[in-house]
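Structure file query18.tsv; described as TSV, C-alpha atoms.
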```tsv
chain	number	residue	atom	x	y	z
A	191	MET	CA	50.06	-8.25	105.65
A	192	ASP	CA	47.10	-7.57	107.95
A	193	LYS	CA	44.55	-10.10	106.68
A	194	ASP	CA	41.64	-8.51	108.55
A	195	LYS	CA	42.26	-4.83	107.85
A	196	SER	CA	40.06	-4.58	104.76
A	197	ILE	CA	37.16	-6.68	106.04
A	198	LYS	CA	37.08	-4.69	109.28
A	199	GLU	CA	36.89	-1.49	107.26
A	200	VAL	CA	34.01	-2.99	105.25
A	201	GLU	CA	32.16	-4.06	108.41
A	202	GLY	CA	32.55	-0.63	109.98
A	203	THR	CA	31.31	1.03	106.80
A	204	LEU	CA	28.31	-1.29	106.49
A	205	SER	CA	27.31	-0.67	110.09
A	206	ARG	CA	27.09	3.07	109.39
A	207	GLY	CA	25.05	2.93	106.18
A	208	SER	CA	25.58	5.30	103.26
A	209	ASN	CA	23.73	7.42	100.72
A	210	PHE	CA	25.69	5.50	98.11
A	211	LYS	CA	23.42	2.47	98.04
A	212	ILE	CA	23.54	0.61	94.72
A	213	GLU	CA	20.29	-0.68	93.29
A	214	SER	CA	20.81	-4.08	91.68
A	215	LYS	CA	19.39	-2.75	88.38
A	216	ASP	CA	22.31	-0.30	88.27
A	217	PHE	CA	25.07	-2.81	88.87
A	218	ASN	CA	25.93	-3.48	85.22
A	219	LYS	CA	26.38	0.24	84.60
A	220	CYS	CA	28.92	0.25	87.42
A	221	VAL	CA	30.74	-2.59	85.69
A	222	ASP	CA	30.92	-0.54	82.48
A	223	HIS	CA	32.23	2.41	84.45
A	224	ILE	CA	35.04	0.37	86.02
A	225	ILE	CA	35.97	-1.15	82.66
A	226	GLN	CA	36.18	2.31	81.10
A	227	LEU	CA	38.61	3.43	83.82
A	228	VAL	CA	40.71	0.28	83.34
A	229	LYS	CA	40.80	0.87	79.58
A	230	ASP	CA	41.82	4.49	80.10
A	231	SER	CA	44.57	3.51	82.49
A	232	PHE	CA	45.86	0.85	80.11
A	233	MET	CA	45.79	3.21	77.15
A	234	LEU	CA	47.88	5.76	79.01
A	235	PHE	CA	50.24	3.00	80.15
A	236	GLN	CA	50.75	1.97	76.54
A	237	MET	CA	51.52	5.60	75.67
A	238	LYS	CA	54.15	5.61	78.45
A	239	SER	CA	52.20	8.05	80.60
A	240	PHE	CA	52.83	5.93	83.68
A	241	SER	CA	51.88	8.45	86.35
A	242	THR	CA	48.45	9.35	84.94
A	243	SER	CA	47.84	5.65	84.36
A	244	LEU	CA	48.68	5.01	88.02
A	245	PHE	CA	46.25	7.71	89.11
A	246	LEU	CA	43.44	5.99	87.20
A	247	SER	CA	44.37	2.53	88.50
A	248	ILE	CA	44.07	3.87	92.05
A	249	ALA	CA	40.66	5.28	91.07
A	250	VAL	CA	39.68	1.77	89.93
A	251	ILE	CA	40.64	0.30	93.32
A	252	GLU	CA	38.57	3.01	95.04
A	253	GLU	CA	35.54	2.53	92.81
A	254	VAL	CA	35.65	-1.25	93.23
A	255	GLY	CA	35.67	-0.87	97.02
A	256	LYS	CA	32.89	1.72	96.90
A	257	ILE	CA	30.66	-0.22	94.51
A	258	HIS	CA	31.15	-3.52	96.30
A	259	VAL	CA	30.17	-2.09	99.67
A	260	GLY	CA	27.49	0.06	98.02
A	261	LEU	CA	25.74	-3.13	96.95
A	262	PHE	CA	25.31	-4.32	100.53
A	263	THR	CA	24.99	-1.14	102.53
A	264	THR	CA	21.78	0.24	104.04
A	265	ARG	CA	20.58	3.51	102.55
A	266	LYS	CA	20.99	6.43	104.88
A	267	ASN	CA	20.54	9.97	103.68
A	268	GLU	CA	23.23	11.68	105.69
A	269	VAL	CA	26.34	10.00	106.98
A	270	LYS	CA	29.05	12.22	108.43
A	271	LYS	CA	32.50	11.38	107.06
A	272	ASP	CA	31.05	8.54	104.99
A	273	PRO	CA	33.89	6.05	104.34
A	274	LEU	CA	32.51	5.61	100.81
A	275	ARG	CA	33.58	9.24	100.20
A	276	ASP	CA	37.04	8.84	101.67
A	277	HIS	CA	39.97	7.99	99.39
A	278	LYS	CA	42.02	6.05	101.91
A	279	ARG	CA	39.10	4.02	103.25
A	280	LYS	CA	37.84	3.19	99.76
A	281	GLN	CA	41.35	2.04	98.82
A	282	ILE	CA	41.48	-0.20	101.91
A	283	MET	CA	38.09	-1.72	101.04
A	284	GLY	CA	39.24	-2.32	97.46
A	285	SER	CA	42.45	-3.97	98.70
A	286	ASN	CA	40.91	-6.98	100.39
A	287	TYR	CA	42.85	-10.04	101.42
A	288	THR	CA	41.22	-12.44	98.98
A	289	ILE	CA	42.83	-10.60	96.04
A	290	SER	CA	46.10	-12.19	97.09
A	291	MET	CA	44.58	-15.65	96.77
A	292	GLY	CA	44.28	-15.31	93.00
A	293	GLU	CA	47.19	-17.24	91.49
A	294	ARG	CA	47.17	-15.04	88.42
A	295	LEU	CA	48.17	-11.91	90.31
A	296	VAL	CA	50.77	-13.59	92.52
A	297	ASN	CA	52.40	-15.07	89.44
A	298	ALA	CA	52.34	-11.71	87.71
A	299	ILE	CA	53.80	-9.42	90.36
A	300	GLY	CA	55.10	-11.73	93.12
A	301	MET	CA	54.13	-11.94	96.78
A	302	LYS	CA	56.66	-9.34	97.92
A	303	ARG	CA	55.23	-6.65	95.66
A	304	LEU	CA	51.71	-7.67	96.59
A	305	GLU	CA	52.47	-7.19	100.27
A	306	GLU	CA	54.05	-3.84	99.44
A	307	ILE	CA	50.84	-2.70	97.73
A	308	TYR	CA	48.67	-3.85	100.66
A	309	SER	CA	50.94	-2.02	103.04
A	310	MET	CA	50.78	1.18	100.94
A	311	SER	CA	47.01	0.97	100.77
A	312	TYR	CA	46.52	0.34	104.50
A	313	SER	CA	49.02	2.99	105.64
A	314	GLY	CA	47.69	5.81	103.45
A	315	GLN	CA	50.81	5.92	101.26
A	316	LEU	CA	48.69	4.99	98.25
A	317	LYS	CA	46.46	7.96	98.96
A	318	ASP	CA	49.49	10.27	98.98
A	319	LEU	CA	50.76	8.67	95.80
A	320	ARG	CA	47.41	9.38	94.17
A	321	GLU	CA	48.10	13.11	94.53
A	322	LYS	CA	51.71	12.82	93.41
A	323	ALA	CA	50.61	10.94	90.32
A	324	ILE	CA	48.80	13.94	88.92
A	325	TYR	CA	50.00	17.11	90.67
A	326	CYS	CA	53.51	18.53	90.92
A	327	ASP	CA	54.81	19.48	94.35
A	328	TYR	CA	57.95	20.21	96.36
A	329	GLU	CA	59.37	17.53	98.60
A	330	ASP	CA	62.40	18.32	100.76
A	331	GLY	CA	63.14	21.30	98.57
A	332	SER	CA	62.99	19.41	95.26
A	333	LEU	CA	60.27	19.76	92.68
A	334	MET	CA	58.59	16.42	92.07
A	335	ILE	CA	56.93	16.02	88.68
A	336	PRO	CA	54.48	13.09	88.32
A	337	HIS	CA	55.98	11.54	85.21
A	338	GLU	CA	59.43	11.65	86.78
A	339	CYS	CA	58.56	9.93	90.03
A	340	ILE	CA	56.41	6.98	88.91
A	341	ASP	CA	58.15	4.21	87.02
A	342	LYS	CA	56.75	1.78	84.47
A	343	GLN	CA	56.98	-1.33	86.64
A	344	PHE	CA	55.09	0.18	89.56
A	345	SER	CA	52.42	1.61	87.27
A	346	LYS	CA	51.97	-1.80	85.66
A	347	ASP	CA	51.79	-3.67	88.98
A	348	ILE	CA	49.12	-1.37	90.38
A	349	LEU	CA	47.05	-1.74	87.22
A	350	LEU	CA	47.31	-5.54	87.50
A	351	PHE	CA	46.29	-5.28	91.16
A	352	ALA	CA	43.33	-3.03	90.25
A	353	ILE	CA	42.10	-5.46	87.58
A	354	GLU	CA	42.34	-8.34	90.06
A	355	SER	CA	40.45	-6.29	92.64
A	356	PHE	CA	37.66	-5.77	90.10
A	357	ASP	CA	37.68	-9.45	89.21
A	358	ASP	CA	37.69	-10.63	92.81
A	359	ASN	CA	35.06	-8.22	94.14
A	360	LEU	CA	32.61	-7.52	91.34
A	361	VAL	CA	32.86	-10.04	88.52
A	362	GLY	CA	30.36	-12.83	89.00
A	363	TYR	CA	27.40	-10.96	90.45
A	364	THR	CA	25.81	-10.83	87.00
A	365	LYS	CA	26.27	-12.73	83.77
A	366	TYR	CA	27.00	-9.41	82.12
A	367	SER	CA	29.94	-8.76	84.44
A	368	ILE	CA	31.44	-12.13	83.51
A	369	GLU	CA	31.07	-11.45	79.80
A	370	ARG	CA	32.50	-7.95	80.06
A	371	SER	CA	35.44	-9.06	82.20
A	372	LYS	CA	36.92	-10.61	79.08
A	373	ILE	CA	38.09	-7.10	78.26
A	374	THR	CA	39.95	-6.69	81.55
A	375	ASP	CA	41.33	-10.23	81.27
A	376	GLU	CA	42.76	-9.36	77.89
A	377	ILE	CA	44.33	-6.22	79.31
A	378	PHE	CA	45.80	-8.27	82.16
A	379	GLU	CA	47.36	-10.66	79.64
A	380	SER	CA	48.71	-7.83	77.47
A	381	LEU	CA	50.39	-6.25	80.49
A	382	LEU	CA	52.21	-9.50	81.24
A	383	ILE	CA	54.01	-9.46	77.92
A	384	ASP	CA	54.63	-5.68	77.86
B	208	MET	CA	31.48	37.36	83.52
B	209	ASP	CA	33.16	38.82	86.60
B	210	LYS	CA	36.35	40.28	85.13
B	211	ASP	CA	38.03	40.76	88.51
B	212	LYS	CA	37.18	37.46	90.19
B	213	SER	CA	40.34	35.62	89.18
B	214	ILE	CA	42.80	38.45	89.79
B	215	LYS	CA	41.32	39.06	93.23
B	216	GLU	CA	41.80	35.38	94.06
B	217	VAL	CA	45.41	35.65	92.88
B	218	GLU	CA	46.02	38.77	94.98
B	219	GLY	CA	44.55	37.16	98.09
B	220	THR	CA	46.66	34.04	97.56
B	221	LEU	CA	49.87	36.03	97.01
B	222	SER	CA	49.28	38.04	100.17
B	223	ARG	CA	49.20	34.83	102.22
B	224	GLY	CA	52.32	33.16	100.82
B	225	SER	CA	52.62	29.40	100.21
B	226	ASN	CA	54.96	26.46	100.61
B	227	PHE	CA	54.48	25.92	96.90
B	228	LYS	CA	57.04	28.50	95.78
B	229	ILE	CA	58.48	27.74	92.35
B	230	GLU	CA	62.21	28.24	91.86
B	231	SER	CA	62.87	29.69	88.41
B	232	LYS	CA	65.24	26.77	87.64
B	233	ASP	CA	62.25	24.41	88.01
B	234	PHE	CA	59.88	26.27	85.71
B	235	ASN	CA	60.64	24.29	82.54
B	236	LYS	CA	59.90	21.03	84.36
B	237	CYS	CA	56.49	22.45	85.23
B	238	VAL	CA	55.95	23.20	81.55
B	239	ASP	CA	56.71	19.58	80.68
B	240	HIS	CA	54.30	18.42	83.38
B	241	ILE	CA	51.45	20.54	82.00
B	242	ILE	CA	52.15	19.38	78.45
B	243	GLN	CA	52.03	15.75	79.58
B	244	LEU	CA	48.59	16.30	81.14
B	245	VAL	CA	47.35	18.04	77.97
B	246	LYS	CA	48.64	15.16	75.84
B	247	ASP	CA	46.96	12.61	78.14
B	248	SER	CA	43.68	14.49	78.01
B	249	PHE	CA	43.85	14.74	74.21
B	250	MET	CA	44.70	11.06	73.83
B	251	LEU	CA	41.67	10.04	75.88
B	252	PHE	CA	39.51	12.49	73.94
B	253	GLN	CA	40.60	10.86	70.69
B	254	MET	CA	39.71	7.46	72.16
B	255	LYS	CA	36.23	8.85	72.97
B	256	SER	CA	36.78	8.70	76.74
B	257	PHE	CA	35.34	12.18	77.14
B	258	SER	CA	34.80	12.16	80.90
B	259	THR	CA	38.32	11.11	81.90
B	260	SER	CA	39.65	13.59	79.35
B	261	LEU	CA	37.57	16.30	81.02
B	262	PHE	CA	38.96	15.35	84.44
B	263	LEU	CA	42.51	15.83	83.15
B	264	SER	CA	41.68	19.13	81.41
B	265	ILE	CA	40.38	20.45	84.72
B	266	ALA	CA	43.65	19.28	86.33
B	267	VAL	CA	45.50	21.34	83.68
B	268	ILE	CA	43.54	24.48	84.59
B	269	GLU	CA	44.34	23.87	88.28
B	270	GLU	CA	48.03	23.25	87.68
B	271	VAL	CA	48.34	26.32	85.47
B	272	GLY	CA	46.80	28.48	88.21
B	273	LYS	CA	48.98	26.90	90.88
B	274	ILE	CA	52.22	27.13	88.92
B	275	HIS	CA	51.59	30.68	87.77
B	276	VAL	CA	50.94	31.94	91.28
B	277	GLY	CA	53.71	29.67	92.65
B	278	LEU	CA	56.20	31.63	90.55
B	279	PHE	CA	55.38	34.90	92.30
B	280	THR	CA	54.39	33.87	95.80
B	281	THR	CA	56.52	34.27	98.93
B	282	ARG	CA	57.72	31.04	100.53
B	283	LYS	CA	55.97	30.30	103.78
B	284	ASN	CA	56.30	26.93	105.47
B	285	GLU	CA	52.82	26.58	106.82
B	286	VAL	CA	49.74	28.19	105.38
B	287	LYS	CA	46.38	27.07	106.70
B	288	LYS	CA	43.91	26.28	103.93
B	289	ASP	CA	46.47	27.31	101.30
B	290	PRO	CA	44.51	28.31	98.18
B	291	LEU	CA	47.21	26.59	96.11
B	292	ARG	CA	45.94	23.30	97.62
B	293	ASP	CA	42.26	24.03	96.98
B	294	HIS	CA	40.62	22.73	93.81
B	295	LYS	CA	38.08	25.51	93.41
B	296	ARG	CA	40.53	28.34	94.12
B	297	LYS	CA	43.15	26.91	91.77
B	298	GLN	CA	40.50	26.63	89.06
B	299	ILE	CA	39.52	30.26	89.58
B	300	MET	CA	43.16	31.37	89.34
B	301	GLY	CA	43.60	29.33	86.15
B	302	SER	CA	40.44	30.88	84.67
B	303	ASN	CA	41.66	34.46	84.41
B	304	TYR	CA	39.93	37.11	82.36
B	305	THR	CA	42.76	37.58	79.84
B	306	ILE	CA	42.15	34.07	78.48
B	307	SER	CA	39.01	35.44	76.87
B	308	MET	CA	41.03	38.06	75.02
B	309	GLY	CA	42.70	35.42	72.86
B	310	GLU	CA	40.95	35.45	69.50
B	311	ARG	CA	41.82	31.80	68.92
B	312	LEU	CA	39.71	30.53	71.80
B	313	VAL	CA	36.74	32.83	71.14
B	314	ASN	CA	36.68	31.70	67.52
B	315	ALA	CA	36.89	28.06	68.60
B	316	ILE	CA	34.18	27.86	71.25
B	317	GLY	CA	32.28	31.15	71.06
B	318	MET	CA	31.78	33.84	73.69
B	319	LYS	CA	28.65	32.24	75.14
B	320	ARG	CA	30.42	28.98	75.95
B	321	LEU	CA	33.41	30.88	77.27
B	322	GLU	CA	31.21	32.78	79.71
B	323	GLU	CA	29.60	29.51	80.72
B	324	ILE	CA	33.01	28.03	81.59
B	325	TYR	CA	34.02	31.11	83.60
B	326	SER	CA	30.76	30.93	85.47
B	327	MET	CA	31.22	27.22	86.22
B	328	SER	CA	34.75	27.81	87.44
B	329	TYR	CA	33.84	30.76	89.67
B	330	SER	CA	30.73	29.15	91.16
B	331	GLY	CA	32.37	25.83	92.07
B	332	GLN	CA	30.37	23.86	89.48
B	333	LEU	CA	33.60	22.92	87.73
B	334	LYS	CA	34.92	21.49	90.99
B	335	ASP	CA	31.78	19.34	91.29
B	336	LEU	CA	32.10	18.26	87.68
B	337	ARG	CA	35.70	17.19	88.37
B	338	GLU	CA	34.36	14.53	90.75
B	339	LYS	CA	31.55	13.48	88.44
B	340	ALA	CA	34.04	13.05	85.60
B	341	ILE	CA	35.78	10.17	87.33
B	342	TYR	CA	33.52	8.75	90.06
B	343	CYS	CA	30.02	7.33	89.79
B	344	ASP	CA	27.35	8.62	92.15
B	345	TYR	CA	23.61	8.89	92.71
B	346	GLU	CA	21.84	12.15	91.88
B	347	ASP	CA	18.13	12.46	92.65
B	348	GLY	CA	17.86	8.70	92.84
B	349	SER	CA	19.57	8.01	89.51
B	350	LEU	CA	22.99	6.49	89.11
B	351	MET	CA	25.27	8.86	87.21
B	352	ILE	CA	28.14	7.24	85.35
B	353	PRO	CA	30.95	9.57	84.18
B	354	HIS	CA	31.03	8.49	80.54
B	355	GLU	CA	27.28	8.90	80.32
B	356	CYS	CA	27.06	12.42	81.68
B	357	ILE	CA	29.90	14.24	79.88
B	358	ASP	CA	29.48	14.86	76.17
B	359	LYS	CA	32.11	15.21	73.47
B	360	GLN	CA	31.52	18.91	72.80
B	361	PHE	CA	31.87	19.96	76.42
B	362	SER	CA	34.97	17.81	76.88
B	363	LYS	CA	36.53	19.39	73.80
B	364	ASP	CA	35.68	22.96	74.84
B	365	ILE	CA	37.22	22.54	78.29
B	366	LEU	CA	40.39	21.10	76.77
B	367	LEU	CA	40.62	24.08	74.40
B	368	PHE	CA	40.09	26.40	77.38
B	369	ALA	CA	42.79	24.57	79.37
B	370	ILE	CA	45.31	24.86	76.53
B	371	GLU	CA	44.56	28.57	76.21
B	372	SER	CA	44.98	29.00	79.97
B	373	PHE	CA	48.43	27.39	79.72
B	374	ASP	CA	49.30	29.57	76.75
B	375	ASP	CA	48.08	32.76	78.35
B	376	ASN	CA	49.59	32.22	81.79
B	377	LEU	CA	52.80	30.26	81.38
B	378	VAL	CA	54.03	30.30	77.79
B	379	GLY	CA	56.56	33.07	77.27
B	380	TYR	CA	58.40	33.05	80.59
B	381	THR	CA	61.17	30.95	79.01
B	382	LYS	CA	62.29	30.25	75.46
B	383	TYR	CA	61.75	26.58	76.24
B	384	SER	CA	58.08	27.13	77.04
B	385	ILE	CA	57.59	28.85	73.69
B	386	GLU	CA	59.25	26.00	71.82
B	387	ARG	CA	57.33	23.33	73.70
B	388	SER	CA	54.00	25.09	73.25
B	389	LYS	CA	54.11	24.04	69.61
B	390	ILE	CA	52.81	20.69	70.88
B	391	THR	CA	49.80	22.21	72.59
B	392	ASP	CA	49.19	24.48	69.58
B	393	GLU	CA	49.05	21.41	67.38
B	394	ILE	CA	46.60	19.74	69.73
B	395	PHE	CA	44.47	22.90	69.71
B	396	GLU	CA	44.39	22.84	65.90
B	397	SER	CA	43.58	19.11	65.78
B	398	LEU	CA	40.64	19.63	68.11
B	399	LEU	CA	39.19	22.27	65.80
B	400	ILE	CA	38.84	19.80	62.96
B	401	ASP	CA	37.72	16.85	65.12
```

Now, as a test, write the supplied structure out as structure tokens.
Amino acid sequence: MDKDKSIKEVEGTLSRGSNFKIESKDFNKCVDHIIQLVKDSFMLFQMKSFSTSLFLSIAVIEEVGKIHVGLFTTRKNEVKKDPLRDHKRKQIMGSNYTISMGERLVNAIGMKRLEEIYSMSYSGQLKDLREKAIYCDYEDGSLMIPHECIDKQFSKDILLFAIESFDDNLVGYTKYSIERSKITDEIFESLLID
Amino acid sequence: MDKDKSIKEVEGTLSRGSNFKIESKDFNKCVDHIIQLVKDSFMLFQMKSFSTSLFLSIAVIEEVGKIHVGLFTTRKNEVKKDPLRDHKRKQIMGSNYTISMGERLVNAIGMKRLEEIYSMSYSGQLKDLREKAIYCDYEDGSLMIPHECIDKQFSKDILLFAIESFDDNLVGYTKYSIERSKITDEIFESLLID
């Protein structure tokens, strides 16, 4: 795992500025937004719609990266190819090294899987998977249908990773975020016994 | 409403060919894929997650347009800016005039709303709304959060429109599609009394 990949992406993004600059008064609304996406993903997971759930978990990772950097960026009205508008770059920023330091996630999915997810995020495979999780397409002459190519275990592991990304990057900035994270903690626990 | 807008988009797309050419043996899998997305959208609607539901309903309209044209296109390995890979163009193709001829939809949402949806699809507003339905962003200095800017009625109307688009464009090509469309018919009926 490249321990510096995510932080370098964050540094590069911060040095450019963005028009997505979060005002501190808006932070708690962002927390609610993330929690809604996590709840949606979990609900679909419970209904065995693993591919659509995966799509939303990837959106959570992106939004966490975007919101986290958006808190610290400098406002700039126009930024060409703003990394905060780029799926792959947002995923890299939301897949920071410190996520792997949380014992909870390592215990839940194992270090091998964790490294696999980092590698997918950093290489752009996660970005490709995002498309495959919601749209059908041909691959080497075969039709690939989302709900046929994403399995339960992978869908669950990405959702656990996304929750940990939220917890690691955003929970703690406000009292409200700590209170509300009880919801995502409960979802994390439910996934473990699913 | 521009009655020819969608068919012209279809004609232009067919004349270019695409690498998304559907083999007839794969059609029923596409039907299952669409039904899964409709079910996901409906489930989230029932759980009052109207914005994520809207996002998935828009994906249904896109996939219907893509699959319908994919059935009739000529296979071509490389097509620059393939309309079957373009959100706005797929939405236009999935928003064809004949949808408005179905009495069921007109009775459900009214002609005024129907024209509004066509206009949003053709102008690109629906494509913008797709983003807003899942990602937070600033607009005129205010933070817009998906679940705060999409209301129940609009979410419901787009899902009804998406189901009718599926019914109008894809149901009937196989016996299987007719049988399976009972599921989407039931969802349509449930939405009417929600």

At most 9 Å is the cut-off: for each residue in chain B with any atom that close to an atom of chain A, write down the nearest atom pair and the distance in Å rounded to one decimal, counting all atoms listed in the file, chain first then increasing number, as a Markdown table.
```
| residue | atom | partner | partner_atom | distance |
| --- | --- | --- | --- | --- |
| B:Asn226 | CA | A:Tyr328 | CA | 8.1 |
| B:Phe227 | CA | A:Tyr328 | CA | 6.7 |
| B:Lys228 | CA | A:Tyr328 | CA | 8.4 |
| B:Ile229 | CA | A:Leu333 | CA | 8.2 |
| B:Glu230 | CA | A:Leu333 | CA | 8.7 |
| B:Asp233 | CA | A:Leu333 | CA | 6.9 |
| B:Lys236 | CA | A:Ile335 | CA | 7.3 |
| B:Cys237 | CA | A:Ile335 | CA | 7.3 |
| B:Asp239 | CA | A:Ile335 | CA | 8.8 |
| B:His240 | CA | A:Ile335 | CA | 6.4 |
| B:Gln243 | CA | A:Ser239 | CA | 7.8 |
| B:Leu244 | CA | A:Thr242 | CA | 7.9 |
| B:Asp247 | CA | A:Leu234 | CA | 7.0 |
| B:Met250 | CA | A:Leu234 | CA | 8.1 |
| B:Leu251 | CA | A:Asp230 | CA | 7.0 |
| B:Met254 | CA | A:Asp230 | CA | 8.7 |
| B:Ser256 | CA | A:Asp230 | CA | 7.4 |
| B:Thr259 | CA | A:Asp230 | CA | 7.7 |
| B:Leu263 | CA | A:Ile324 | CA | 8.7 |
| B:Ala266 | CA | A:Ile324 | CA | 7.9 |
| B:Glu270 | CA | A:Tyr325 | CA | 7.1 |
| B:Ile274 | CA | A:Cys326 | CA | 8.9 |
| B:Ile341 | CA | A:Ala249 | CA | 7.9 |
| B:Tyr342 | CA | A:Glu253 | CA | 7.1 |
| B:Cys343 | CA | A:Cys220 | CA | 7.5 |
| B:Asp344 | CA | A:Phe210 | CA | 6.9 |
| B:Tyr345 | CA | A:Phe210 | CA | 6.7 |
| B:Ser349 | CA | A:Asp216 | CA | 8.8 |
| B:Leu350 | CA | A:Asp216 | CA | 6.9 |
| B:Ile352 | CA | A:His223 | CA | 6.4 |
| B:Pro353 | CA | A:His223 | CA | 7.3 |
| B:His354 | CA | A:His223 | CA | 7.3 |
```

Can those selected residues be exported to a file as a short mmCIF file (atom, residue, chain, number, x, y, z; two decimals), in the frame of the given file so that it contains C-alpha atoms?
```cif
data_model
loop_
_atom_site.label_atom_id
_atom_site.label_comp_id
_atom_site.auth_asym_id
_atom_site.auth_seq_id
_atom_site.Cartn_x
_atom_site.Cartn_y
_atom_site.Cartn_z
CA ASN B 226 54.96 26.46 100.61
CA PHE B 227 54.48 25.92 96.90
CA LYS B 228 57.04 28.50 95.78
CA ILE B 229 58.48 27.74 92.35
CA GLU B 230 62.21 28.24 91.86
CA ASP B 233 62.25 24.41 88.01
CA LYS B 236 59.90 21.03 84.36
CA CYS B 237 56.49 22.45 85.23
CA ASP B 239 56.71 19.58 80.68
CA HIS B 240 54.30 18.42 83.38
CA GLN B 243 52.03 15.75 79.58
CA LEU B 244 48.59 16.30 81.14
CA ASP B 247 46.96 12.61 78.14
CA MET B 250 44.70 11.06 73.83
CA LEU B 251 41.67 10.04 75.88
CA MET B 254 39.71 7.46 72.16
CA SER B 256 36.78 8.70 76.74
CA THR B 259 38.32 11.11 81.90
CA LEU B 263 42.51 15.83 83.15
CA ALA B 266 43.65 19.28 86.33
CA GLU B 270 48.03 23.25 87.68
CA ILE B 274 52.22 27.13 88.92
CA ILE B 341 35.78 10.17 87.33
CA TYR B 342 33.52 8.75 90.06
CA CYS B 343 30.02 7.33 89.79
CA ASP B 344 27.35 8.62 92.15
CA TYR B 345 23.61 8.89 92.71
CA SER B 349 19.57 8.01 89.51
CA LEU B 350 22.99 6.49 89.11
CA ILE B 352 28.14 7.24 85.35
CA PRO B 353 30.95 9.57 84.18
CA HIS B 354 31.03 8.49 80.54
#
```

Q: Write out as a PyMOL selection string which residues come within 12 Å of stretch 196-204 of chain A when counting only C-alpha atoms, dropping same-chain ones fewer than 5 positions away.
A: chain A and resi 191+209-211+255-266+269-276+278-289+308-309+311-313

Next, write the just-selected residues to a file, as a PDB file, in the frame of the given file, keeping C-alpha atoms as the atom set.
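File out21.pdb, as written:
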```
ATOM      1  CA  MET A 191      50.060  -8.250 105.650  1.00  0.00           C
ATOM      2  CA  ASN A 209      23.730   7.420 100.720  1.00  0.00           C
ATOM      3  CA  PHE A 210      25.690   5.500  98.110  1.00  0.00           C
ATOM      4  CA  LYS A 211      23.420   2.470  98.040  1.00  0.00           C
ATOM      5  CA  GLY A 255      35.670  -0.870  97.020  1.00  0.00           C
ATOM      6  CA  LYS A 256      32.890   1.720  96.900  1.00  0.00           C
ATOM      7  CA  ILE A 257      30.660  -0.220  94.510  1.00  0.00           C
ATOM      8  CA  HIS A 258      31.150  -3.520  96.300  1.00  0.00           C
ATOM      9  CA  VAL A 259      30.170  -2.090  99.670  1.00  0.00           C
ATOM     10  CA  GLY A 260      27.490   0.060  98.020  1.00  0.00           C
ATOM     11  CA  LEU A 261      25.740  -3.130  96.950  1.00  0.00           C
ATOM     12  CA  PHE A 262      25.310  -4.320 100.530  1.00  0.00           C
ATOM     13  CA  THR A 263      24.990  -1.140 102.530  1.00  0.00           C
ATOM     14  CA  THR A 264      21.780   0.240 104.040  1.00  0.00           C
ATOM     15  CA  ARG A 265      20.580   3.510 102.550  1.00  0.00           C
ATOM     16  CA  LYS A 266      20.990   6.430 104.880  1.00  0.00           C
ATOM     17  CA  VAL A 269      26.340  10.000 106.980  1.00  0.00           C
ATOM     18  CA  LYS A 270      29.050  12.220 108.430  1.00  0.00           C
ATOM     19  CA  LYS A 271      32.500  11.380 107.060  1.00  0.00           C
ATOM     20  CA  ASP A 272      31.050   8.540 104.990  1.00  0.00           C
ATOM     21  CA  PRO A 273      33.890   6.050 104.340  1.00  0.00           C
ATOM     22  CA  LEU A 274      32.510   5.610 100.810  1.00  0.00           C
ATOM     23  CA  ARG A 275      33.580   9.240 100.200  1.00  0.00           C
ATOM     24  CA  ASP A 276      37.040   8.840 101.670  1.00  0.00           C
ATOM     25  CA  LYS A 278      42.020   6.050 101.910  1.00  0.00           C
ATOM     26  CA  ARG A 279      39.100   4.020 103.250  1.00  0.00           C
ATOM     27  CA  LYS A 280      37.840   3.190  99.760  1.00  0.00           C
ATOM     28  CA  GLN A 281      41.350   2.040  98.820  1.00  0.00           C
ATOM     29  CA  ILE A 282      41.480  -0.200 101.910  1.00  0.00           C
ATOM     30  CA  MET A 283      38.090  -1.720 101.040  1.00  0.00           C
ATOM     31  CA  GLY A 284      39.240  -2.320  97.460  1.00  0.00           C
ATOM     32  CA  SER A 285      42.450  -3.970  98.700  1.00  0.00           C
ATOM     33  CA  ASN A 286      40.910  -6.980 100.390  1.00  0.00           C
ATOM     34  CA  TYR A 287      42.850 -10.040 101.420  1.00  0.00           C
ATOM     35  CA  THR A 288      41.220 -12.440  98.980  1.00  0.00           C
ATOM     36  CA  ILE A 289      42.830 -10.600  96.040  1.00  0.00           C
ATOM     37  CA  TYR A 308      48.670  -3.850 100.660  1.00  0.00           C
ATOM     38  CA  SER A 309      50.940  -2.020 103.040  1.00  0.00           C
ATOM     39  CA  SER A 311      47.010   0.970 100.770  1.00  0.00           C
ATOM     40  CA  TYR A 312      46.520   0.340 104.500  1.00  0.00           C
ATOM     41  CA  SER A 313      49.020   2.990 105.640  1.00  0.00           C
TER      42      SER A 313
END
```

(Q) When you look at B:Gly379 with a cut-off of 12 Å (counting only C-alpha atoms), what residues show up, excluding the ones that are within fewer than 3 positions of it in the same chain? I need them as a list in words. (A)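 Using only C-alpha atoms, the neighbours found are Phe234, Asn235, Val238, His275, Phe373, Asp374, Asp375, Asn376, Lys382, Tyr383, Ser384, Ile385, Glu386, Arg387 and Ser388 of chain B.
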
Starting from 8 Å padding per side, set up an axis-aligned box that covers all listed atoms of stretch 344-363 of chain A and hand over centre and edge lengths in Å, one decimal, as JSON.
```
{"center_x": 41.2, "center_y": -5.6, "center_z": 89.9, "size_x": 43.7, "size_y": 30.4, "size_z": 24.5}
```

Q: Write out as a VMD selection string each polymer residue whose atoms come within 8 Å of A:Phe232, counting only C-alpha atoms; drop sequence neighbours fewer than 3 positions from it.
A: chain A and resid 228 to 229 235 to 236 243 349 377
